[in-house]
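Asks: One structure coming up, written as structure tokens, with questions to follow.
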Amino acid sequence: MILAFVREKEGDRIFVVANLSPDSKTFNLIGNDFSGDFIELFSTKELSLSAKDEMTLEPWGFRVFVK
């Protein structure tokens, strides 16, 4: 199971996606809530996400993006 959510306040946005299963998962991000330019919190890597982008997470993996 994939859990994804976006929180936004006063123009700051955080986007969290987590794989809550023991298997690697590939999935698509659906909707404009996940679109935009983000920085991955733990690696400081910059990336641009758009609606319907594909993402893969390892078992029990998670990623946190900030804007």
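Identifiers in the structure tokens: chain A, B, ... in order shown; residue index from 1 per chain; ligand index from 1 in order shown.
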Can you list, as a list in words, every protein, DNA or RNA residue that comes within 9 Å of range 35-51 of chain A when you count only C-alpha atoms, leaving out same-chain residues fewer than 6 positions away?

Replies: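 Selected residues are Arg13, Ile14, Phe15, Asn28, Leu29, Arg63, Val64, Phe65, Val66 and Lys67 of chain A.
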
Asks: Distance CA of Glu8 in chain A-CA of Pro59 in chain A, one decimal place?

Replies: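 Atom-to-atom, CA of Glu8 in chain A and CA of Pro59 in chain A are spaced 27.1 Å apart.
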
Asks: In terms of the shortest atom-to-atom distance over only C-alpha atoms, which of A:Asp12, A:Val17, A:Phe27, A:Ala4 is closest to Met55 in chain A?

Replies: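 Once distances to Met55 in chain A are computed over only C-alpha atoms, the minimum belongs to A:Phe27.
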
Asks: Just give me the gap between CA of Gly61 in chain A and CA of Thr26 in chain A in Å, one decimal is fine.

Replies: 11.7 Å

Asks: Rank nothing, just name the residue among A:Val16, A:Leu57, A:Val6, A:Met1 nearest to Asn32 in chain A, using only C-alpha atoms.

Replies: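 Looking at the shortest contact to Asn32 in chain A, the residue is A:Val6.
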
Asks: Which residue is closest to Ile30 in chain A? Choose from A:Asp53, A:Arg7, A:Ile2, A:Glu58 and count only C-alpha atoms.

Replies: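 Ranking A:Asp53, A:Arg7, A:Ile2, A:Glu58 by distance to Ile30 in chain A, first place goes to A:Asp53.
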